[in-house]
$ cat final15.cif   # mmCIF, C-alpha atoms
data_data
loop_
_atom_site.label_atom_id
_atom_site.label_comp_id
_atom_site.auth_asym_id
_atom_site.auth_seq_id
_atom_site.Cartn_x
_atom_site.Cartn_y
_atom_site.Cartn_z
CA MET A 1 0.00 0.00 0.00
CA GLU A 2 1.38 3.38 -1.01
CA PHE A 3 0.84 6.32 1.32
CA LYS A 4 0.84 9.75 -0.26
CA LYS A 5 2.01 12.73 1.68
CA SER A 6 -0.77 15.06 2.76
CA PRO A 7 -0.81 18.25 0.64
CA ASP A 8 -1.01 20.39 3.80
CA GLY A 9 1.71 18.46 5.63
CA GLY A 10 -0.73 17.45 8.36
CA TRP A 11 -1.84 21.01 9.12
CA GLY A 12 -5.45 19.89 8.83
CA TRP A 13 -5.14 18.10 12.18
CA VAL A 14 -3.96 21.36 13.72
CA ILE A 15 -7.11 23.04 12.41
CA VAL A 16 -9.24 20.24 13.90
CA LEU A 17 -7.55 20.66 17.29
CA VAL A 18 -7.79 24.45 17.44
CA SER A 19 -11.42 24.29 16.24
CA PHE A 20 -12.19 22.01 19.17
CA LEU A 21 -10.32 24.28 21.59
CA THR A 22 -12.07 27.35 20.22
CA GLN A 23 -15.51 25.86 20.77
CA PHE A 24 -14.37 24.51 24.14
CA LEU A 25 -13.29 27.98 25.27
CA CYS A 26 -16.23 29.81 23.69
CA TYR A 27 -19.07 27.67 24.99
CA GLY A 28 -17.68 25.69 27.91
CA SER A 29 -17.94 28.52 30.42
CA PRO A 30 -21.30 29.95 29.24
CA LEU A 31 -22.96 26.54 29.36
CA ALA A 32 -21.46 25.82 32.81
CA VAL A 33 -22.67 29.16 34.13
CA GLY A 34 -25.06 27.35 36.49
CA VAL A 35 -22.18 27.10 38.99
CA LEU A 36 -21.83 30.89 38.88
CA TYR A 37 -25.59 31.37 38.98
CA ILE A 38 -25.74 30.50 42.68
CA GLU A 39 -22.95 32.98 43.46
CA TRP A 40 -24.65 35.73 41.48
CA LEU A 41 -27.87 35.22 43.43
CA GLY A 42 -26.01 35.85 46.67
CA THR A 43 -23.83 38.66 45.35
CA PHE A 44 -26.47 40.80 43.66
CA GLY A 45 -29.52 39.81 45.69
CA GLU A 46 -31.85 39.86 42.69
CA GLY A 47 -34.65 37.44 41.86
CA LYS A 48 -33.97 34.14 40.15
CA GLY A 49 -35.81 35.19 37.01
CA GLN A 50 -33.78 38.37 36.52
CA THR A 51 -30.48 36.71 37.40
CA ALA A 52 -31.15 33.85 34.96
CA TRP A 53 -30.95 36.30 32.05
CA VAL A 54 -27.15 36.36 32.40
CA GLY A 55 -26.64 32.67 31.79
CA SER A 56 -29.47 32.29 29.27
CA LEU A 57 -28.18 35.06 27.00
CA ALA A 58 -24.63 33.74 27.24
CA SER A 59 -25.75 30.23 26.29
CA GLY A 60 -28.27 31.13 23.62
CA VAL A 61 -25.65 32.23 21.09
CA GLY A 62 -24.34 28.83 20.08
CA LEU A 63 -25.03 25.11 20.17
CA LEU A 64 -21.86 23.33 19.07
CA ALA A 65 -20.21 19.95 19.54
CA SER A 66 -17.25 20.48 21.87
CA SER A 67 -19.42 22.62 24.14
CA SER A 68 -20.46 19.36 25.86
CA VAL A 69 -16.89 18.58 26.93
CA GLY A 70 -16.39 22.22 27.88
CA LEU A 71 -19.53 22.08 30.02
CA PHE A 72 -18.22 18.98 31.83
CA ILE A 73 -14.79 20.47 32.59
CA TYR A 74 -15.75 24.08 33.21
CA ALA A 75 -18.42 23.19 35.76
CA ALA A 76 -15.89 21.47 38.04
CA LEU A 77 -13.19 24.05 37.29
CA GLN A 78 -15.37 27.03 38.15
CA ARG A 79 -16.47 25.43 41.40
CA LEU A 80 -12.81 25.03 42.44
CA LEU A 81 -11.93 28.56 41.35
CA ILE A 82 -14.78 30.00 43.42
CA GLU A 83 -13.59 28.08 46.49
CA PHE A 84 -10.00 29.31 46.12
CA TYR A 85 -10.37 32.81 44.67
CA GLY A 86 -14.01 33.84 45.08
CA LEU A 87 -16.44 34.93 42.38
CA ASP A 88 -14.33 37.86 41.12
CA GLY A 89 -11.17 35.79 40.89
CA CYS A 90 -13.03 32.99 39.11
CA LEU A 91 -14.43 35.35 36.48
CA LEU A 92 -10.98 36.90 35.98
CA ILE A 93 -9.32 33.52 35.41
CA VAL A 94 -12.10 32.31 33.10
CA GLY A 95 -11.78 35.51 31.09
CA ALA A 96 -8.01 34.99 30.83
CA LEU A 97 -8.58 31.45 29.58
CA ALA A 98 -10.97 32.80 26.96
CA LEU A 99 -8.16 34.95 25.55
CA ASN A 100 -6.61 31.74 24.23
CA ILE A 101 -9.24 31.91 21.52
CA LEU A 102 -7.00 34.51 19.86
CA ALA A 103 -4.11 32.04 19.77
CA CYS A 104 -6.35 29.34 18.32
CA GLY A 105 -7.72 31.74 15.71
CA SER A 106 -4.22 32.75 14.60
CA LEU A 107 -3.52 29.14 13.59
CA MET A 108 -6.51 29.03 11.25
CA ARG A 109 -4.66 30.44 8.28
CA PRO A 110 -4.37 29.32 4.66
CA LEU A 111 -1.16 27.60 3.68
CA GLN A 112 0.93 28.67 0.70
CA VAL A 113 2.47 25.45 -0.56
CA SER A 114 4.60 25.76 -3.67
CA ASP A 115 3.94 22.21 -4.87
CA TYR A 116 0.19 22.58 -4.52
CA PRO A 117 -0.82 26.07 -5.66
CA LEU A 118 -4.18 27.33 -4.57
CA PRO A 119 -6.81 27.40 -7.33
CA GLY A 120 -7.27 30.76 -8.97
CA LYS A 121 -10.47 32.73 -9.06
CA THR A 122 -13.07 32.04 -11.67
CA ALA A 123 -13.64 34.46 -14.47
CA LEU A 124 -16.64 35.99 -12.75
CA GLU A 125 -14.75 36.41 -9.46
CA ASN A 126 -11.93 38.17 -11.28
CA ILE A 127 -14.30 40.90 -12.45
CA PRO A 128 -14.12 43.92 -10.13
CA ASP A 129 -17.24 44.36 -8.05
CA ARG A 130 -17.93 47.81 -9.40
CA TYR A 131 -18.17 46.43 -12.96
CA SER A 132 -20.49 43.50 -12.17
CA VAL A 133 -23.98 44.77 -12.89
CA TYR A 134 -27.34 43.08 -12.97
CA SER A 135 -28.83 43.11 -16.45
CA GLU A 136 -32.55 43.27 -17.14
CA LYS A 137 -34.85 44.52 -19.92
CA GLU A 138 -35.19 48.10 -18.77
CA LYS A 139 -33.28 51.31 -19.32
CA ASN A 140 -29.73 50.32 -20.07
CA LEU A 141 -26.48 52.19 -19.66
CA GLU A 142 -26.71 53.88 -23.06
CA GLU A 143 -30.19 55.25 -22.31
CA ASN A 144 -28.96 56.68 -19.00
CA THR A 145 -26.02 58.28 -20.77
CA ASN A 146 -28.25 59.75 -23.50
CA MET A 147 -30.56 61.24 -20.89
CA LEU A 148 -27.64 62.94 -19.20
CA GLU A 149 -26.29 64.17 -22.56
CA ARG A 150 -29.62 65.75 -23.51
CA ARG A 151 -29.90 67.38 -20.11
CA ASN A 152 -26.35 68.75 -20.14
CA SER A 153 -26.56 69.93 -23.74
CA SER A 154 -29.67 71.93 -22.96
CA GLU A 155 -27.93 73.45 -19.94
CA GLU A 156 -24.90 74.39 -22.06
CA MET A 157 -27.11 76.05 -24.68
CA ASN A 158 -28.75 78.16 -21.99
CA LYS A 159 -25.45 79.14 -20.43
CA SER A 160 -23.32 79.68 -23.60
CA PRO A 161 -22.70 83.35 -24.60
CA LEU A 162 -23.75 84.67 -28.03
CA ALA A 163 -20.26 85.88 -28.85
CA PRO A 164 -18.59 84.90 -32.20
CA ASP A 165 -16.01 82.13 -32.11
CA ASP A 166 -12.61 83.50 -33.19
CA GLY A 167 -10.87 80.12 -32.81
CA LYS A 168 -8.73 81.14 -29.84
CA HIS A 169 -10.77 79.10 -27.34
CA LYS A 170 -11.24 76.01 -29.53
CA ASN A 171 -8.78 73.72 -27.81
CA PRO A 172 -9.86 74.55 -24.21
CA ASP A 173 -13.46 74.04 -25.21
CA MET A 174 -12.67 70.64 -26.71
CA ALA A 175 -10.76 69.59 -23.58
CA HIS A 176 -13.63 70.77 -21.42
CA THR A 177 -16.08 68.84 -23.61
CA ARG A 178 -14.05 65.64 -23.26
CA GLU A 179 -13.88 66.02 -19.48
CA THR A 180 -17.59 66.68 -19.32
CA GLU A 181 -18.29 63.64 -21.50
CA THR A 182 -16.11 61.43 -19.31
CA TYR A 183 -17.77 62.71 -16.17
CA ARG A 184 -21.25 62.13 -17.61
CA LYS A 185 -20.42 58.55 -18.53
CA LYS A 186 -18.98 57.83 -15.10
CA VAL A 187 -22.06 59.25 -13.40
CA ALA A 188 -24.35 57.27 -15.70
CA GLU A 189 -22.39 54.08 -15.09
CA GLN A 190 -22.43 54.44 -11.32
CA THR A 191 -26.11 55.41 -11.27
CA TYR A 192 -27.01 52.41 -13.41
CA PHE A 193 -24.95 50.06 -11.25
CA CYS A 194 -26.52 51.29 -7.98
CA LYS A 195 -30.03 50.99 -9.40
CA GLN A 196 -29.49 47.47 -10.69
CA LEU A 197 -27.78 46.41 -7.46
CA ALA A 198 -30.75 47.66 -5.44
CA LYS A 199 -33.15 45.75 -7.70
CA TRP A 200 -31.02 42.62 -7.39
CA LYS A 201 -31.01 42.86 -3.57
CA TRP A 202 -34.76 43.40 -3.55
CA GLN A 203 -35.23 40.35 -5.77
CA LEU A 204 -33.11 38.24 -3.41
CA CYS A 205 -35.20 39.43 -0.47
CA LYS A 206 -38.42 38.51 -2.28
CA ASN A 207 -37.02 35.07 -3.15
CA TYR A 208 -36.00 34.48 0.48
CA CYS A 209 -39.45 35.42 1.80
CA GLY A 210 -41.08 33.24 -0.82
CA GLU A 211 -38.93 30.24 0.09
CA THR A 212 -39.66 30.80 3.78
CA VAL A 213 -43.41 30.75 3.14
CA THR A 214 -42.96 27.57 1.09
CA LEU A 215 -41.05 25.93 3.95
CA PHE A 216 -43.83 26.60 6.43
CA LYS A 217 -46.35 25.02 4.07
CA ASN A 218 -44.67 21.74 4.95
CA LYS A 219 -46.56 20.55 8.05
CA VAL A 220 -43.60 18.55 9.38
CA PHE A 221 -41.27 21.54 9.14
CA SER A 222 -43.82 23.75 10.88
CA ALA A 223 -44.15 21.17 13.65
CA LEU A 224 -40.36 20.87 13.85
CA PHE A 225 -40.15 24.64 14.21
CA VAL A 226 -42.59 24.60 17.15
CA ALA A 227 -40.90 21.56 18.70
CA ILE A 228 -37.37 23.00 18.68
CA PHE A 229 -38.57 26.30 20.11
CA LEU A 230 -40.51 24.63 22.95
CA PHE A 231 -37.66 22.16 23.51
CA ASP A 232 -35.17 24.95 24.14
CA ILE A 233 -37.56 26.86 26.36
CA GLY A 234 -38.15 23.82 28.57
CA GLY A 235 -35.03 21.72 28.05
CA PHE A 236 -32.26 24.23 28.62
CA PRO A 237 -33.06 25.50 32.18
CA PRO A 238 -31.74 22.34 33.94
CA SER A 239 -28.19 22.99 32.73
CA LEU A 240 -28.37 26.44 34.29
CA LEU A 241 -30.53 25.88 37.36
CA MET A 242 -29.86 22.30 38.47
CA GLU A 243 -27.29 23.35 41.07
CA ASP A 244 -29.79 25.75 42.63
CA VAL A 245 -32.49 23.06 42.45
CA ALA A 246 -30.24 20.80 44.54
CA ARG A 247 -29.65 23.57 47.06
CA SER A 248 -33.39 24.29 47.24
CA SER A 249 -33.94 20.57 47.92
CA ASN A 250 -31.57 20.82 50.93
CA VAL A 251 -28.92 18.58 49.39
CA LYS A 252 -25.75 18.88 51.48
CA GLU A 253 -22.51 20.06 49.91
CA GLU A 254 -20.69 16.95 51.14
CA GLU A 255 -22.94 14.77 48.96
CA PHE A 256 -21.81 16.46 45.75
CA ILE A 257 -19.40 13.89 44.33
CA MET A 258 -19.55 15.67 40.98
CA PRO A 259 -21.39 18.87 39.94
CA LEU A 260 -24.75 18.07 38.41
CA ILE A 261 -23.92 20.31 35.48
CA SER A 262 -20.81 18.21 34.78
CA ILE A 263 -23.02 15.12 34.67
CA ILE A 264 -25.30 16.83 32.14
CA GLY A 265 -22.29 17.82 30.06
CA ILE A 266 -20.61 14.42 29.83
CA MET A 267 -23.90 12.63 29.22
CA THR A 268 -24.74 15.10 26.45
CA ALA A 269 -21.50 14.13 24.69
CA ILE A 270 -22.34 10.43 25.10
CA GLY A 271 -25.90 11.04 23.91
CA LYS A 272 -24.71 12.76 20.75
CA LEU A 273 -22.53 9.76 19.95
CA LEU A 274 -25.14 7.10 20.71
CA LEU A 275 -28.02 8.84 18.96
CA GLY A 276 -25.80 9.49 15.94
CA ILE A 277 -25.00 5.76 15.77
CA LEU A 278 -28.68 4.82 16.08
CA ALA A 279 -29.57 7.21 13.26
CA ASP A 280 -27.29 5.24 10.92
CA PHE A 281 -29.46 2.12 11.14
CA GLU A 282 -31.82 1.92 8.18
CA TRP A 283 -34.58 0.27 10.22
CA ILE A 284 -34.74 3.23 12.63
CA ASN A 285 -36.95 6.14 11.66
CA THR A 286 -34.86 9.15 12.69
CA LEU A 287 -37.84 11.46 13.01
CA TYR A 288 -39.57 9.12 15.44
CA LEU A 289 -36.28 8.70 17.30
CA TYR A 290 -36.11 12.46 17.73
CA VAL A 291 -39.74 12.55 18.87
CA ALA A 292 -38.98 9.82 21.43
CA THR A 293 -36.14 11.90 22.91
CA LEU A 294 -38.48 14.88 23.27
CA ILE A 295 -41.26 12.94 24.97
CA THR A 296 -38.88 11.11 27.31
CA MET A 297 -37.12 14.33 28.22
CA GLY A 298 -40.45 16.02 28.95
CA LEU A 299 -41.28 13.23 31.40
CA ALA A 300 -37.84 13.51 33.02
CA LEU A 301 -38.32 17.25 33.53
CA CYS A 302 -41.70 16.67 35.17
CA ALA A 303 -39.99 14.22 37.56
CA ILE A 304 -37.47 16.78 38.88
CA PRO A 305 -39.84 18.16 41.58
CA PHE A 306 -40.01 14.64 43.07
CA ALA A 307 -36.20 14.33 43.35
CA LYS A 308 -35.07 15.26 46.86
CA SER A 309 -31.62 13.65 47.01
CA TYR A 310 -28.32 13.96 45.19
CA VAL A 311 -28.63 10.45 43.75
CA THR A 312 -32.02 11.02 42.16
CA LEU A 313 -30.99 14.44 40.86
CA SER A 314 -27.85 12.87 39.40
CA VAL A 315 -29.87 10.19 37.62
CA LEU A 316 -32.28 12.75 36.19
CA SER A 317 -29.38 14.99 35.18
CA GLY A 318 -27.80 12.06 33.34
CA ILE A 319 -31.07 11.25 31.54
CA ILE A 320 -31.62 14.88 30.56
CA GLY A 321 -28.03 15.20 29.35
CA LEU A 322 -28.28 11.97 27.33
CA LEU A 323 -31.48 13.11 25.63
CA THR A 324 -30.07 16.59 24.99
CA GLY A 325 -27.64 14.79 22.69
CA ASN A 326 -30.45 14.71 20.14
CA TRP A 327 -28.73 17.76 18.64
CA SER A 328 -26.54 15.29 16.74
CA ILE A 329 -29.50 13.97 14.73
CA PHE A 330 -31.36 17.26 14.38
CA PRO A 331 -29.59 18.33 11.13
CA TYR A 332 -30.40 14.92 9.62
CA VAL A 333 -34.04 15.23 10.63
CA THR A 334 -34.16 18.70 9.07
CA THR A 335 -32.60 17.38 5.85
CA LYS A 336 -35.13 14.55 5.57
CA THR A 337 -37.93 17.03 6.16
CA VAL A 338 -37.09 19.77 3.66
CA GLY A 339 -34.46 18.23 1.39
CA ILE A 340 -30.78 19.00 0.97
CA GLU A 341 -31.50 21.93 -1.37
CA ARG A 342 -33.29 23.88 1.37
CA LEU A 343 -31.24 22.69 4.34
CA ALA A 344 -29.20 25.87 4.85
CA HIS A 345 -32.28 28.08 4.73
CA ALA A 346 -34.40 25.87 6.99
CA TYR A 347 -31.62 25.12 9.47
CA GLY A 348 -30.83 28.81 9.84
CA ILE A 349 -34.45 29.58 10.74
CA LEU A 350 -34.62 26.72 13.23
CA MET A 351 -31.31 27.63 14.91
CA PHE A 352 -32.37 31.25 15.31
CA PHE A 353 -35.48 30.27 17.25
CA ALA A 354 -33.56 27.59 19.15
CA GLY A 355 -31.24 30.31 20.42
CA LEU A 356 -34.27 32.45 21.25
CA GLY A 357 -35.75 29.59 23.26
CA ASN A 358 -32.43 29.13 25.06
CA SER A 359 -32.49 32.77 26.05
CA LEU A 360 -36.11 32.77 27.25
CA GLY A 361 -36.27 29.43 29.10
CA PRO A 362 -34.21 30.09 32.27
CA PRO A 363 -35.75 33.52 33.02
CA ILE A 364 -39.25 32.06 32.67
CA VAL A 365 -38.41 29.23 35.07
CA GLY A 366 -36.78 31.73 37.43
CA TRP A 367 -39.88 33.91 37.40
CA PHE A 368 -42.01 30.89 38.29
CA TYR A 369 -39.77 30.34 41.32
CA ASP A 370 -39.98 34.02 42.33
CA TRP A 371 -43.75 33.77 42.07
CA THR A 372 -44.25 30.44 43.89
CA GLN A 373 -41.00 30.13 45.90
CA THR A 374 -40.59 26.59 44.58
CA TYR A 375 -39.25 24.97 41.43
CA ASP A 376 -42.14 22.48 41.21
CA ILE A 377 -44.44 24.47 38.92
CA ALA A 378 -41.45 25.78 36.99
CA PHE A 379 -40.31 22.31 35.95
CA TYR A 380 -43.85 21.14 35.34
CA PHE A 381 -44.03 24.01 32.87
CA SER A 382 -40.69 23.01 31.32
CA GLY A 383 -41.74 19.39 30.97
CA PHE A 384 -45.09 20.40 29.48
CA CYS A 385 -43.35 22.57 26.84
CA VAL A 386 -41.07 19.74 25.72
CA LEU A 387 -43.89 17.18 25.79
CA LEU A 388 -46.16 19.46 23.79
CA GLY A 389 -43.49 20.00 21.15
CA GLY A 390 -42.84 16.26 20.86
CA LEU A 391 -46.55 15.42 20.53
CA ILE A 392 -47.12 18.11 17.89
CA LEU A 393 -44.21 16.77 15.86
CA LEU A 394 -45.46 13.20 16.27
CA LEU A 395 -48.94 14.08 15.04
CA ALA A 396 -47.50 15.95 12.05
CA ALA A 397 -45.29 12.99 11.15
CA LEU A 398 -48.07 10.38 11.20
CA PRO A 399 -48.97 8.03 9.58
CA SER A 400 -45.53 7.29 8.12
CA TRP A 401 -42.23 8.91 7.29
CA SER A 402 -42.66 8.56 3.54
CA THR A 403 -46.05 10.29 3.38
CA CYS A 404 -45.10 13.18 5.64
CA ASN A 405 -41.80 13.67 3.89
CA LYS A 406 -43.09 14.84 0.56
CA LYS A 407 -40.34 16.74 -1.10
CA LEU A 408 -41.06 20.38 -1.70
CA PRO A 409 -40.76 21.59 -5.29
CA LYS A 410 -37.36 22.98 -6.04
CA PRO A 411 -37.32 26.75 -6.15
CA ALA A 412 -37.03 28.27 -9.58
CA PRO A 413 -33.45 29.44 -9.96
CA ALA A 414 -33.11 33.20 -9.98
CA THR A 415 -31.13 33.84 -13.13
CA PHE A 416 -28.90 36.87 -13.00
CA LEU A 417 -26.94 37.86 -16.08
CA TYR A 418 -23.73 39.72 -15.46
CA LYS A 419 -21.84 41.87 -17.89
CA VAL A 420 -18.81 44.09 -17.69
CA ALA A 421 -19.67 47.74 -18.00
CA SER A 422 -17.40 49.95 -20.02
CA ASN A 423 -14.44 51.18 -18.04
CA VAL A 424 -14.29 54.86 -18.79
#

$ encode --input "final15.cif" --output "C-alpha cells"
Amino acid sequence: MEFKKSPDGGWGWVIVLVSFLTQFLCYGSPLAVGVLYIEWLGTFGEGKGQTAWVGSLASGVGLLASSSVGLFIYAALQRLLIEFYGLDGCLLIVGALALNILACGSLMRPLQVSDYPLPGKTALENIPDRYSVYSEKEKNLEENTNMLERRNSSEEMNKSPLAPDDGKHKNPDMAHTRETETYRKKVAEQTYFCKQLAKWKWQLCKNYCGETVTLFKNKVFSALFVAIFLFDIGGFPPSLLMEDVARSSNVKEEEFIMPLISIIGIMTAIGKLLLGILADFEWINTLYLYVATLITMGLALCAIPFAKSYVTLSVLSGIIGLLTGNWSIFPYVTTKTVGIERLAHAYGILMFFAGLGNSLGPPIVGWFYDWTQTYDIAFYFSGFCVLLGGLILLLAALPSWSTCNKKLPKPAPATFLYKVASNV
C-alpha cells in the first residue's frame, strides 16, 4: 500500500484541534454558568428570574459539539476557582482562559504550498465588483447616458454666450467637452450600477421570503419549528438551574461527588454519539427517534420536583443530558424534512429560534420560582413545553415517514446575467 504525503503536511489536524479548543473555550464557560448562577444570586440579591438572564443570554448564542466537553470540565473548574479565589477571581481567570481563543484563531490560516498552488479565481470572481452589474430589460447604460447628454446639452445652450467664435478658445473648449463627457459617462455608469444592485437585492429578499413561506407550508417543518422552540424553552433550564435546584432541595454540599452540570455535560456528549449511531441504522426512523427523545425528556423534567436527594438528581441529570444529545440527529431530521436543497435556509431559521428559546427558558423558570418560591411548577411548565413539542411533531409525522416527507418543489433558480460595463 502506497501512502501519499498530505498536501497540507498534516496542518489539517492542527485546524481540527484548534477548532475544538475554540468551541471549548467559547461555549464551555457559558454553558457551565449554572455554577456561577448560585454565586450571582447571593452577590447581587436579585430574583432568580432576573439573574437567569445572564446565563441564558450567554448560552443562547451557540449550540456546538465540543461545548459538551467544555460544560463537563468548566463546571468542576469554576467550582474550584470560586472556592480558592471567590467569584471575582473565578471570572478573571475564566476571562483569561478565553483569551486563548485569539491564539487558536491565529492558527486558522491558509497555507501557501509551492507544490500545490491554490486554485485561482473564476472568471466571474476576477471581475471587479464595481463592474459586475445586474442586467434586465429596462433602461440600459446607453439610455442613461443619453438622458444625461440631452440634459447637459440643454444646460450648455442656456449658459453659452452669443459671442462669435474667433478660434482662440477652440482647444480649451474641446478639452472641457471631453472632461464633461467622461464625467457624464462615469455618473451614468455608477447610477445604473446602484439601481441594478438595489433591484437585485430586492429580488433576493423577495425570493427568500417566498422560500420561507414555502417551507412553512410543509406541516412537518412547521411542527419541527414549534418543537425545537418549545424544547429549548423547557429543556435548557436544567443545565443552568440544576445546582440551585439541589440547594433548594436541601442537598448537602458533602454529597456532591460531581457537579450536576458536569453530569449533564458528559452525558450530552455520550448522547450525541449514541443517537448518531442509532440514526445510521436503516430500520430506525430518525424522526420518530427524535420525537422519542423529546417525549422522554419532557417526562424527566416533570420528575425533577419529586427528586429530593443527590442520587435522584444525578440520575435525572444524566437522563436529561443523554437526551439533549439529540442535537446530533437534528440536522439529519431537518434534511429529511425539507431536502438537501433547502437545508441551509431551513436550518438557519430553526437555529435562530432555538437560540431564542435558550435565552427565554431560564428567566421564565426563574420567574415561576420568584412567584411560587418553589421549582415544582417551573419544571412542570418546562416538561409540558417539551412534551407538547414532541406530541405536535409526532402528530404531524403520522402516519408514516414517507407520506409526511413529501419533497417540496425545487425553487425556480433566480437567473442573473452579469456583464462588464465599459471602463471609462

$ atom_distance --input "final15.cif" --atom1 "CA of Leu230 in chain A" --atom2 "CA of Cys385 in chain A"
5.2 Å

$ resolve_selection --input "final15.cif" --expression "the PyMOL selection byres ((chain A and resi 325) around 7)" --output "list in words"
Thr268, Ala269, Gly271, Lys272, Gly321, Leu322, Leu323, Thr324, Asn326, Trp327 and Ser328 of chain A

$ atom_distance --input "final15.cif" --atom1 "CA of Phe44 in chain A" --atom2 "CA of Leu360 in chain A"
20.7 Å

$ residues_near_point --input "final15.cif" --point "(-32.7, 13.8, 32.8)" --cutoff "10 Å" --atoms "all atoms listed in the file" --output "CSV table (one decimal) with C-alpha atoms, in the coordinates of the input"
chain,number,residue,atom,x,y,z
A,235,GLY,CA,-35.0,21.7,28.0
A,238,PRO,CA,-31.7,22.3,33.9
A,263,ILE,CA,-23.0,15.1,34.7
A,264,ILE,CA,-25.3,16.8,32.1
A,267,MET,CA,-23.9,12.6,29.2
A,296,THR,CA,-38.9,11.1,27.3
A,297,MET,CA,-37.1,14.3,28.2
A,298,GLY,CA,-40.4,16.0,29.0
A,299,LEU,CA,-41.3,13.2,31.4
A,300,ALA,CA,-37.8,13.5,33.0
A,301,LEU,CA,-38.3,17.2,33.5
A,302,CYS,CA,-41.7,16.7,35.2
A,303,ALA,CA,-40.0,14.2,37.6
A,304,ILE,CA,-37.5,16.8,38.9
A,312,THR,CA,-32.0,11.0,42.2
A,313,LEU,CA,-31.0,14.4,40.9
A,314,SER,CA,-27.8,12.9,39.4
A,315,VAL,CA,-29.9,10.2,37.6
A,316,LEU,CA,-32.3,12.8,36.2
A,317,SER,CA,-29.4,15.0,35.2
A,318,GLY,CA,-27.8,12.1,33.3
A,319,ILE,CA,-31.1,11.2,31.5
A,320,ILE,CA,-31.6,14.9,30.6
A,321,GLY,CA,-28.0,15.2,29.4
A,322,LEU,CA,-28.3,12.0,27.3
A,323,LEU,CA,-31.5,13.1,25.6
A,324,THR,CA,-30.1,16.6,25.0

$ atom_distance --input "final15.cif" --atom1 "CA of Val311 in chain A" --atom2 "CA of Asn358 in chain A"
26.7 Å

$ axis_aligned_box --input "final15.cif" --around "range 285-289 of chain A" --padding-each-side "6 Å" --output "lines of an AutoDock Vina configuration file"
center_x = -37.2
center_y = 8.8
center_z = 14.5
size_x = 16.7
size_y = 17.3
size_z = 17.6

$ resolve_selection --input "final15.cif" --expression "the PyMOL selection byres ((chain A and resi 208) around 12)" --output "ChimeraX atom specification"
/A:201-207,209-215,342,344-346,349,411-414

$ resolve_selection --input "final15.cif" --expression "the PyMOL selection byres ((chain A and resi 220) around 8)" --output "MDAnalysis selection string"
chainID A and resid 218:219 221:224 337 393 396:397 404:405

$ closest_residue --input "final15.cif" --among "A:Val226, A:Leu287, A:Val245, A:Ile101" --to "Cys26 in chain A" --atoms "only C-alpha atoms"
A:Ile101

$ residues_around --input "final15.cif" --residues "range 38-42 of chain A" --least-positions-apart "6" --cutoff "9 Å" --atoms "only C-alpha atoms" --output "list of chain:residue names"
A:Lys48, A:Thr51, A:Ile82, A:Leu87, A:Leu241, A:Glu243, A:Asp244

$ closest_residue --input "final15.cif" --among "A:Thr293, A:Ser248, A:Asn285, A:Ser309" --to "Tyr375 in chain A" --atoms "only C-alpha atoms"
A:Ser248

$ closest_residue --input "final15.cif" --among "A:Phe229, A:Tyr183, A:Tyr85, A:Trp13" --to "Ser359 in chain A" --atoms "all atoms listed in the file"
A:Phe229

$ residues_around --input "final15.cif" --residues "Asp88 in chain A" --least-positions-apart "4" --cutoff "12 Å" --atoms "only C-alpha atoms" --output "MDAnalysis selection string"
chainID A and resid 36 39:40 43 78 81:84 92:95

$ write_last_selection --input "final15.cif" --atoms "C-alpha atoms" --output "PDB file, keeping the file's coordinate frame"
ATOM      1  CA  LEU A  36     -21.830  30.890  38.880  1.00  0.00           C
ATOM      2  CA  GLU A  39     -22.950  32.980  43.460  1.00  0.00           C
ATOM      3  CA  TRP A  40     -24.650  35.730  41.480  1.00  0.00           C
ATOM      4  CA  THR A  43     -23.830  38.660  45.350  1.00  0.00           C
ATOM      5  CA  GLN A  78     -15.370  27.030  38.150  1.00  0.00           C
ATOM      6  CA  LEU A  81     -11.930  28.560  41.350  1.00  0.00           C
ATOM      7  CA  ILE A  82     -14.780  30.000  43.420  1.00  0.00           C
ATOM      8  CA  GLU A  83     -13.590  28.080  46.490  1.00  0.00           C
ATOM      9  CA  PHE A  84     -10.000  29.310  46.120  1.00  0.00           C
ATOM     10  CA  LEU A  92     -10.980  36.900  35.980  1.00  0.00           C
ATOM     11  CA  ILE A  93      -9.320  33.520  35.410  1.00  0.00           C
ATOM     12  CA  VAL A  94     -12.100  32.310  33.100  1.00  0.00           C
ATOM     13  CA  GLY A  95     -11.780  35.510  31.090  1.00  0.00           C
TER      14      GLY A  95
END

$ decode --input "final15.cif" --residues "range 386-400 of chain A" --atoms "C-alpha atoms" --output "short mmCIF file (atom, residue, chain, number, x, y, z; two decimals), in the first residue's frame"
data_model
loop_
_atom_site.label_atom_id
_atom_site.label_comp_id
_atom_site.auth_asym_id
_atom_site.auth_seq_id
_atom_site.Cartn_x
_atom_site.Cartn_y
_atom_site.Cartn_z
CA VAL A 386 -41.07 19.74 25.72
CA LEU A 387 -43.89 17.18 25.79
CA LEU A 388 -46.16 19.46 23.79
CA GLY A 389 -43.49 20.00 21.15
CA GLY A 390 -42.84 16.26 20.86
CA LEU A 391 -46.55 15.42 20.53
CA ILE A 392 -47.12 18.11 17.89
CA LEU A 393 -44.21 16.77 15.86
CA LEU A 394 -45.46 13.20 16.27
CA LEU A 395 -48.94 14.08 15.04
CA ALA A 396 -47.50 15.95 12.05
CA ALA A 397 -45.29 12.99 11.15
CA LEU A 398 -48.07 10.38 11.20
CA PRO A 399 -48.97 8.03 9.58
CA SER A 400 -45.53 7.29 8.12
#
